[in-house]
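Shown next: target11.txt, given as compact mmCIF, C-alpha atoms.
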```txt
# COMPACT_ATOMS: atom_id res chain seq x y z
CA MET A 1 81.11 58.29 108.00
CA PRO A 2 82.36 54.63 108.08
CA ARG A 3 85.24 54.04 110.52
CA GLN A 4 88.56 53.09 108.90
CA THR A 5 89.93 49.69 109.79
CA VAL A 6 93.53 49.12 110.90
CA THR A 7 94.24 47.49 107.55
CA GLU A 8 92.83 50.45 105.63
CA LYS A 9 94.98 52.88 107.66
CA LYS A 10 98.09 50.80 106.96
CA ASP A 11 97.26 50.75 103.25
CA LEU A 12 96.85 54.54 103.25
CA THR A 13 100.19 54.97 105.01
CA ALA A 14 101.93 52.69 102.52
CA ALA A 15 100.42 54.50 99.54
CA THR A 16 101.10 58.06 100.65
CA GLY A 17 104.05 57.90 103.01
CA VAL A 18 102.00 59.85 105.57
CA ASP A 19 100.57 58.17 108.63
CA ALA A 20 96.76 58.10 108.31
CA GLN A 21 96.25 58.78 112.02
CA ASP A 22 98.74 61.67 111.96
CA ASP A 23 97.22 63.18 108.79
CA THR A 24 94.16 64.37 110.73
CA ALA A 25 96.15 66.06 113.48
CA ASP A 26 96.56 69.41 111.73
CA HIS A 27 93.03 70.08 110.50
CA GLY A 28 93.35 67.95 107.39
CA LEU A 29 95.97 70.05 105.56
CA PRO A 30 97.19 68.35 102.36
CA THR A 31 100.70 66.91 102.52
CA ALA A 32 102.10 69.44 100.02
CA ILE A 33 100.77 72.37 102.06
CA VAL A 34 102.38 71.00 105.21
CA SER A 35 105.74 70.85 103.38
CA LEU A 36 105.30 74.45 102.28
CA LYS A 37 104.47 75.51 105.83
CA VAL A 38 107.64 73.80 107.04
CA ILE A 39 109.67 75.72 104.45
CA GLU A 40 107.94 79.02 105.33
CA ALA A 41 108.74 78.54 109.02
CA LEU A 42 112.39 77.76 108.28
CA ALA A 43 112.66 80.73 105.92
CA SER A 44 111.53 82.96 108.79
CA ALA A 45 114.27 81.59 111.07
CA PRO A 46 117.67 82.28 109.42
CA SER A 47 119.56 80.59 112.29
CA GLY A 48 117.50 77.44 111.84
CA LEU A 49 115.06 75.45 113.96
CA GLY A 50 115.19 72.07 115.61
CA VAL A 51 112.44 69.58 114.93
CA THR A 52 110.89 70.07 118.38
CA ARG A 53 110.71 73.85 118.07
CA LEU A 54 109.49 73.60 114.47
CA ALA A 55 106.69 71.27 115.54
CA GLN A 56 105.71 73.78 118.24
CA VAL A 57 105.71 76.67 115.76
CA LEU A 58 103.52 74.75 113.32
CA GLY A 59 101.32 73.15 115.97
CA MET A 60 101.90 69.71 114.47
CA PRO A 61 103.13 66.37 115.80
CA LYS A 62 106.93 65.98 115.83
CA ALA A 63 106.72 62.71 113.93
CA ARG A 64 104.92 64.28 111.01
CA VAL A 65 107.19 67.33 110.91
CA HIS A 66 110.25 65.04 110.99
CA ARG A 67 108.93 63.01 108.05
CA HIS A 68 108.47 66.16 105.98
CA LEU A 69 111.92 67.42 106.95
CA SER A 70 113.48 64.11 105.89
CA VAL A 71 111.85 64.22 102.46
CA LEU A 72 112.66 67.90 101.94
CA ARG A 73 116.25 67.30 102.96
CA GLU A 74 116.54 64.35 100.58
CA HIS A 75 115.54 66.59 97.69
CA GLY A 76 117.71 69.55 98.68
CA TYR A 77 114.99 71.91 99.91
CA VAL A 78 116.19 71.70 103.52
CA ASP A 79 119.65 71.39 105.08
CA GLN A 80 120.58 70.19 108.57
CA ASP A 81 123.53 71.61 110.48
CA PRO A 82 125.58 68.59 111.66
CA ASP A 83 126.85 70.51 114.70
CA ASN A 84 123.53 71.46 116.29
CA ASN A 85 120.98 69.50 114.22
CA GLN A 86 119.12 72.72 113.33
CA TYR A 87 117.23 72.73 110.04
CA ARG A 88 117.27 75.61 107.55
CA VAL A 89 116.22 76.13 103.94
CA GLY A 90 118.59 74.54 101.42
CA TRP A 91 120.16 75.47 98.12
CA GLN A 92 117.29 74.04 96.12
CA MET A 93 115.02 76.66 97.66
CA PHE A 94 117.52 79.36 96.69
CA LEU A 95 117.47 78.16 93.08
CA LEU A 96 113.67 77.96 93.10
CA GLY A 97 113.41 81.45 94.58
CA ARG A 98 115.76 82.85 91.97
CA ALA A 99 113.68 81.26 89.19
CA CYS A 100 110.50 82.77 90.63
CA THR A 101 112.05 86.20 91.09
CA SER A 102 111.88 86.93 87.37
CA ARG A 103 108.10 87.23 87.65
CA PHE A 104 108.43 89.89 90.31
CA ASP A 105 111.20 92.00 88.75
CA VAL A 106 108.38 94.47 88.20
CA MET A 107 108.95 95.72 91.74
CA SER A 108 112.44 97.03 91.04
CA LEU A 109 111.29 98.41 87.68
CA ALA A 110 108.28 100.10 89.23
CA LYS A 111 109.89 101.64 92.31
CA PRO A 112 110.76 105.12 90.94
CA ILE A 113 107.42 105.34 89.13
CA VAL A 114 105.50 104.32 92.25
CA GLU A 115 107.41 106.85 94.34
CA GLN A 116 106.58 109.61 91.87
CA LEU A 117 102.89 108.65 91.87
CA ARG A 118 102.83 108.59 95.68
CA ASP A 119 104.38 112.06 95.78
CA GLN A 120 101.79 113.33 93.28
CA VAL A 121 98.70 112.05 95.05
CA GLY A 122 99.89 111.64 98.66
CA GLN A 123 98.07 108.32 99.08
CA THR A 124 99.19 104.72 99.59
CA ILE A 125 100.21 103.04 96.33
CA VAL A 126 99.65 99.30 96.01
CA ILE A 127 100.83 96.75 93.44
CA SER A 128 98.83 93.52 93.35
CA THR A 129 98.61 90.36 91.33
CA PHE A 130 95.61 88.00 91.20
CA SER A 131 94.34 84.43 91.25
CA ASP A 132 91.05 83.01 90.01
CA ASN A 133 89.05 84.36 92.96
CA GLU A 134 91.22 86.92 94.71
CA VAL A 135 93.53 89.88 94.42
CA VAL A 136 96.85 89.45 96.24
CA VAL A 137 98.87 92.44 97.46
CA ILE A 138 102.53 92.15 96.38
CA ASP A 139 103.97 95.41 97.65
CA LEU A 140 103.01 98.93 98.65
CA LEU A 141 104.36 102.39 99.36
CA ARG A 142 102.73 104.19 102.26
CA GLY A 143 101.08 107.54 101.63
CA THR A 144 101.84 110.91 103.15
CA ALA A 145 98.25 112.03 103.86
CA PRO A 146 97.16 112.60 107.50
CA VAL A 147 94.93 109.52 107.24
CA GLU A 148 97.15 106.62 106.22
CA ILE A 149 95.87 103.33 104.80
CA SER A 150 98.11 100.42 105.67
CA LEU A 151 98.11 96.98 104.03
CA ARG A 152 100.44 94.00 104.23
CA PRO A 153 101.97 92.06 101.32
CA GLY A 154 100.07 88.82 100.95
CA THR A 155 96.72 90.37 101.90
CA ARG A 156 93.90 88.95 99.74
CA PHE A 157 90.59 90.45 98.64
CA HIS A 158 87.64 89.12 96.65
CA HIS A 159 87.50 90.45 93.08
CA ASN A 160 84.06 91.98 93.45
CA SER A 161 84.97 93.99 96.55
CA VAL A 162 88.00 95.97 95.32
CA ALA A 163 88.98 98.14 92.36
CA GLN A 164 91.94 95.83 91.69
CA GLY A 165 89.61 92.85 91.37
CA LYS A 166 87.49 94.66 88.81
CA ILE A 167 90.66 95.25 86.79
CA ALA A 168 91.50 91.53 87.00
CA LEU A 169 88.03 90.64 85.74
CA ALA A 170 88.06 93.30 83.01
CA PHE A 171 91.56 92.67 81.64
CA GLY A 172 92.21 89.09 82.72
CA ALA A 173 91.27 85.94 80.81
CA GLU A 174 87.69 85.51 79.64
CA LYS A 175 87.43 82.16 81.46
CA LEU A 176 88.28 83.91 84.75
CA ARG A 177 85.47 86.38 84.15
CA ARG A 178 82.92 83.72 83.25
CA ALA A 179 83.78 81.51 86.21
CA TYR A 180 83.70 84.34 88.72
CA LEU A 181 80.35 85.67 87.56
CA THR A 182 78.70 82.25 87.99
CA GLN A 183 79.56 81.88 91.69
CA PRO A 184 78.08 83.59 94.76
CA LEU A 185 79.56 87.06 95.24
CA PRO A 186 80.57 87.81 98.87
CA ALA A 187 79.61 91.12 100.46
CA CYS A 188 82.06 93.12 102.58
CA THR A 189 79.88 96.23 103.03
CA PRO A 190 76.36 97.21 101.96
CA ARG A 191 77.99 98.80 98.89
CA THR A 192 79.80 95.71 97.65
CA ILE A 193 78.51 94.61 94.24
CA VAL A 194 76.94 91.18 94.73
CA ASP A 195 74.62 91.10 91.71
CA PRO A 196 76.31 89.31 88.76
CA ASP A 197 74.58 91.43 86.12
CA ARG A 198 75.60 94.64 87.83
CA LEU A 199 79.15 93.40 88.23
CA ALA A 200 79.25 92.41 84.55
CA ALA A 201 78.16 95.94 83.61
CA GLU A 202 80.83 97.39 85.92
CA ILE A 203 83.48 95.19 84.30
CA GLU A 204 82.47 96.44 80.85
CA LEU A 205 82.71 100.05 82.05
CA VAL A 206 86.17 99.38 83.51
CA ARG A 207 87.31 97.82 80.25
CA LYS A 208 86.15 100.83 78.26
CA ARG A 209 87.64 103.56 80.46
CA GLY A 210 90.78 101.67 81.50
CA TRP A 211 90.51 102.13 85.27
CA ALA A 212 88.34 101.04 88.19
CA ASP A 213 87.20 102.31 91.56
CA ALA A 214 85.34 100.77 94.51
CA PRO A 215 84.09 103.49 96.88
CA GLU A 216 83.35 101.92 100.28
CA GLU A 217 82.85 98.51 98.69
CA LEU A 218 85.54 96.82 100.81
CA TYR A 219 85.57 99.02 103.92
CA ILE A 220 83.34 101.94 104.85
CA GLY A 221 85.32 105.15 104.45
CA ILE A 222 87.90 103.68 102.05
CA ASN A 223 88.20 103.94 98.27
CA ALA A 224 90.72 102.85 95.66
CA LEU A 225 91.51 103.64 92.05
CA ALA A 226 93.18 100.89 90.03
CA ALA A 227 94.66 100.41 86.57
CA PRO A 228 96.07 97.37 84.74
CA LEU A 229 99.74 96.41 84.55
CA LEU A 230 100.36 94.54 81.31
CA GLN A 231 103.22 92.24 80.35
CA ALA A 232 105.14 92.20 77.07
CA ASN A 233 102.76 89.61 75.61
CA GLY A 234 99.73 91.74 76.47
CA GLU A 235 98.59 89.53 79.34
CA LEU A 236 97.62 91.06 82.65
CA PHE A 237 100.36 90.91 85.30
CA GLY A 238 98.40 92.69 87.98
CA THR A 239 97.26 96.13 89.06
CA LEU A 240 98.52 99.48 90.23
CA ALA A 241 96.22 101.19 92.73
CA ILE A 242 95.87 104.34 94.76
CA VAL A 243 94.25 103.55 98.12
CA GLY A 244 92.99 106.14 100.58
CA SER A 245 90.24 107.62 102.68
CA ILE A 246 87.00 108.48 100.87
CA HIS A 247 87.76 112.07 101.90
CA TYR A 248 90.84 112.09 99.66
CA LEU A 249 89.50 109.66 97.05
CA PRO A 250 85.80 110.53 96.73
CA SER A 251 83.30 108.43 94.81
CA THR A 252 83.65 110.92 91.96
CA PRO A 253 87.46 110.80 91.66
CA ASP A 254 89.68 113.75 90.91
CA PRO A 255 90.54 113.56 87.17
CA ALA A 256 94.11 114.49 88.06
CA HIS A 257 94.38 111.38 90.26
CA VAL A 258 92.99 109.16 87.50
CA GLN A 259 95.36 110.64 84.94
CA ALA A 260 98.37 110.25 87.23
CA LEU A 261 97.42 106.61 87.89
CA LEU A 262 96.98 105.79 84.20
CA GLU A 263 100.28 107.41 83.27
CA ALA A 264 102.13 105.51 86.00
CA ALA A 265 100.52 102.19 85.00
CA THR A 266 101.46 102.83 81.36
CA GLN A 267 105.07 103.52 82.35
CA ILE A 268 105.33 100.36 84.46
CA SER A 269 103.74 98.27 81.69
CA ALA A 270 106.22 99.74 79.19
CA ALA A 271 109.08 98.84 81.54
CA MET A 272 107.82 95.24 81.43
CA GLY A 273 107.95 95.33 77.63
CA TYR A 274 104.30 96.05 76.83
CA SER A 275 103.73 98.24 73.80
CA GLY A 276 100.57 96.97 72.13
CA LYS A 277 97.05 95.82 72.87
CA ALA A 278 95.89 93.97 75.96
CA SER A 279 95.37 90.22 75.51
CA ARG A 280 91.92 89.18 76.78
```
As structure tokens, please, write out the structure in this file.
Amino acid sequence: MPRQTVTEKKDLTAATGVDAQDDTADHGLPTAIVSLKVIEALASAPSGLGVTRLAQVLGMPKARVHRHLSVLREHGYVDQDPDNNQYRVGWQMFLLGRACTSRFDVMSLAKPIVEQLRDQVGQTIVISTFSDNEVVVIDLLRGTAPVEISLRPGTRFHHNSVAQGKIALAFGAEKLRRAYLTQPLPACTPRTIVDPDRLAAEIELVRKRGWADAPEELYIGINALAAPLLQANGELFGTLAIVGSIHYLPSTPDPAHVQALLEAATQISAAMGYSGKASR
């Protein structure tokens, strides 16, 4: 790769506001991602952080962290305490968070339904949303079975390796389906579906029966049953899933578990305003 000249580095700094030398110090993260990481770190420290400690937490140069703090403060996303110079998230983040919360009101709506489902089946209940390539866990309620499956909010899984991902592909947008089936499919276990034609057939089956499973396709010994959560406009919000040991959720699932899952998913979708046909 050609070496940048001093002039080129100065031009880059002038154009972006980020020092070209400094920009390589944190593994090439884009500027916007660095700002988000700064906000995440401050959100996890209610009493605030000084620039030195924040730089240590993020593993980044103080100069770069300070530049991001200055810009975020200028736009109201960060505040600085004049008494101790500690930084904390600002009012603009509160307003942004409140605006985003409307998308996740489903959690308060779903809570009693999820609790009832957990009590019926005894397994961990998981609500997830999705992106183009992954399922993202939003929240969960731990099961009561002797073997407990534990996940963390924010955990991500490839669509082809989990029941929730099959739901996203079956009930999500057609362009999502097409794009995912044209890329290499990662394997998590020997049972993960990595053949596009086989996955396409599985997606069609899921669409017809309204639920999905993935016995030992993510982890050996683990299975999940998943159903779609639909919004008022018929678009897919995410998934409701029962996750447990293959002993409790065998590859041929208990019809009572499937029925309980479908009824709970229908109730949550209705609480979000859905009353018609899925939009695909």
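Using only C-alpha atoms, the protein and nucleic acid residues lying no more than 9 Å from A:Ala145, apart from those fewer than 5 places from it along its own chain, are Val121, Gly122, Gln123, Thr124, Gly244 and Tyr248 of chain A.
Atom CA of A:Thr155 is positioned 23.7 Å from atom CA of A:Pro46.
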(Q) Residues near stretch 199-210 of chain A, anyone? I mean within 8 Å using all atoms listed in the file, not counting same-chain ones fewer than 3 positions away, as a PyMOL selection string. (A) chain A and resi 160+166-167+169-171+181+193-196+227-228+262
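Our summary of the geometry notes that atom CA of A:Ala163 is positioned 5.1 Å from atom CA of A:Ala212.
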Tell me which protein, DNA and RNA residues are within 12 Å of A:Gly143, counting only C-alpha atoms, leaving out same-chain ones fewer than 3 positions away, and put them as a CSV table (one decimal) with C-alpha atoms, in the frame of the given file.
```
chain,number,residue,atom,x,y,z
A,114,VAL,CA,105.5,104.3,92.2
A,115,GLU,CA,107.4,106.8,94.3
A,116,GLN,CA,106.6,109.6,91.9
A,117,LEU,CA,102.9,108.6,91.9
A,118,ARG,CA,102.8,108.6,95.7
A,119,ASP,CA,104.4,112.1,95.8
A,120,GLN,CA,101.8,113.3,93.3
A,121,VAL,CA,98.7,112.0,95.0
A,122,GLY,CA,99.9,111.6,98.7
A,123,GLN,CA,98.1,108.3,99.1
A,124,THR,CA,99.2,104.7,99.6
A,125,ILE,CA,100.2,103.0,96.3
A,126,VAL,CA,99.6,99.3,96.0
A,140,LEU,CA,103.0,98.9,98.6
A,146,PRO,CA,97.2,112.6,107.5
A,147,VAL,CA,94.9,109.5,107.2
A,148,GLU,CA,97.2,106.6,106.2
A,149,ILE,CA,95.9,103.3,104.8
A,150,SER,CA,98.1,100.4,105.7
A,151,LEU,CA,98.1,97.0,104.0
A,241,ALA,CA,96.2,101.2,92.7
A,242,ILE,CA,95.9,104.3,94.8
A,243,VAL,CA,94.2,103.6,98.1
A,244,GLY,CA,93.0,106.1,100.6
A,245,SER,CA,90.2,107.6,102.7
A,248,TYR,CA,90.8,112.1,99.7
```
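Counting from atom CA of A:Ser269, the distance to atom CA of A:Tyr180 is 25.4 Å.
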Q.
Every residue with an atom at most 10 Å from (104.5, 92.0, 83.9) (file coordinates; only C-alpha atoms) is what I'm after, so could you write them as a count of residues only?
A. 25
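Between A:Ala264 and the candidates A:Leu109, A:Ile39, A:Leu96, A:Met60, the tightest atom-to-atom separation, counting all atoms listed in the file, involves A:Leu109.
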Could you give me the axis-aligned bounding box of stretch 120-126 of chain A, with 4 Å of padding per side, as centre plus edge lengths in Å to one decimal, as lines of an AutoDock Vina configuration file?
```
center_x = 99.9
center_y = 106.3
center_z = 96.4
size_x = 11.7
size_y = 22.0
size_z = 14.3
```
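Between A:Ser131 and the residues A:Glu40, A:Tyr87, A:Ala168, A:Thr31, the shortest atom-to-atom distance, using all atoms listed in the file, involves A:Ala168.
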Q: Name the residues in contact with stretch 183-188 of chain A at a cut-off of 10 Å, using all atoms listed in the file, excluding same-chain residues fewer than 4 positions from it; report them as a PyMOL selection string.
A: chain A and resi 133+157-162+178-179+192-196+199+216-220
As a PDB file, in the coordinates of the input, the rebuilt stretch 146-160 of chain A with N, CA and C atoms:
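Result written to part-v6.pdb:
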```pdb
ATOM      1  N   PRO A 146      97.385 112.745 106.053  1.00  0.00           N
ATOM      2  CA  PRO A 146      97.160 112.600 107.500  1.00  0.00           C
ATOM      3  C   PRO A 146      96.474 111.295 107.874  1.00  0.00           C
ATOM      4  N   VAL A 147      95.585 110.811 107.016  1.00  0.00           N
ATOM      5  CA  VAL A 147      94.930 109.520 107.240  1.00  0.00           C
ATOM      6  C   VAL A 147      95.628 108.498 106.358  1.00  0.00           C
ATOM      7  N   GLU A 148      96.348 107.573 106.977  1.00  0.00           N
ATOM      8  CA  GLU A 148      97.150 106.620 106.220  1.00  0.00           C
ATOM      9  C   GLU A 148      96.475 105.256 106.171  1.00  0.00           C
ATOM     10  N   ILE A 149      96.429 104.671 104.983  1.00  0.00           N
ATOM     11  CA  ILE A 149      95.870 103.330 104.800  1.00  0.00           C
ATOM     12  C   ILE A 149      97.036 102.360 104.736  1.00  0.00           C
ATOM     13  N   SER A 150      97.006 101.371 105.602  1.00  0.00           N
ATOM     14  CA  SER A 150      98.110 100.420 105.670  1.00  0.00           C
ATOM     15  C   SER A 150      97.631  99.019 105.295  1.00  0.00           C
ATOM     16  N   LEU A 151      98.382  98.357 104.421  1.00  0.00           N
ATOM     17  CA  LEU A 151      98.110  96.980 104.030  1.00  0.00           C
ATOM     18  C   LEU A 151      99.386  96.177 104.210  1.00  0.00           C
ATOM     19  N   ARG A 152      99.263  94.861 104.143  1.00  0.00           N
ATOM     20  CA  ARG A 152     100.440  94.000 104.230  1.00  0.00           C
ATOM     21  C   ARG A 152     100.564  93.179 102.966  1.00  0.00           C
ATOM     22  N   PRO A 153     101.785  92.991 102.435  1.00  0.00           N
ATOM     23  CA  PRO A 153     101.970  92.060 101.320  1.00  0.00           C
ATOM     24  C   PRO A 153     101.394  90.700 101.677  1.00  0.00           C
ATOM     25  N   GLY A 154     100.723  90.106 100.715  1.00  0.00           N
ATOM     26  CA  GLY A 154     100.070  88.820 100.950  1.00  0.00           C
ATOM     27  C   GLY A 154      98.598  88.933 101.295  1.00  0.00           C
ATOM     28  N   THR A 155      98.133  90.163 101.600  1.00  0.00           N
ATOM     29  CA  THR A 155      96.720  90.370 101.900  1.00  0.00           C
ATOM     30  C   THR A 155      95.884  90.047 100.651  1.00  0.00           C
ATOM     31  N   ARG A 156      94.755  89.381 100.854  1.00  0.00           N
ATOM     32  CA  ARG A 156      93.900  88.950  99.740  1.00  0.00           C
ATOM     33  C   ARG A 156      92.513  89.564  99.848  1.00  0.00           C
ATOM     34  N   PHE A 157      91.936  89.882  98.683  1.00  0.00           N
ATOM     35  CA  PHE A 157      90.590  90.450  98.640  1.00  0.00           C
ATOM     36  C   PHE A 157      89.809  89.799  97.504  1.00  0.00           C
ATOM     37  N   HIS A 158      88.501  89.653  97.700  1.00  0.00           N
ATOM     38  CA  HIS A 158      87.640  89.120  96.650  1.00  0.00           C
ATOM     39  C   HIS A 158      87.564  90.114  95.484  1.00  0.00           C
ATOM     40  N   HIS A 159      87.502  89.595  94.279  1.00  0.00           N
ATOM     41  CA  HIS A 159      87.500  90.450  93.080  1.00  0.00           C
ATOM     42  C   HIS A 159      86.380  91.486  93.094  1.00  0.00           C
ATOM     43  N   ASN A 160      85.204  91.082  93.555  1.00  0.00           N
ATOM     44  CA  ASN A 160      84.060  91.980  93.450  1.00  0.00           C
ATOM     45  C   ASN A 160      84.037  93.068  94.510  1.00  0.00           C
TER      46      ASN A 160
END
```
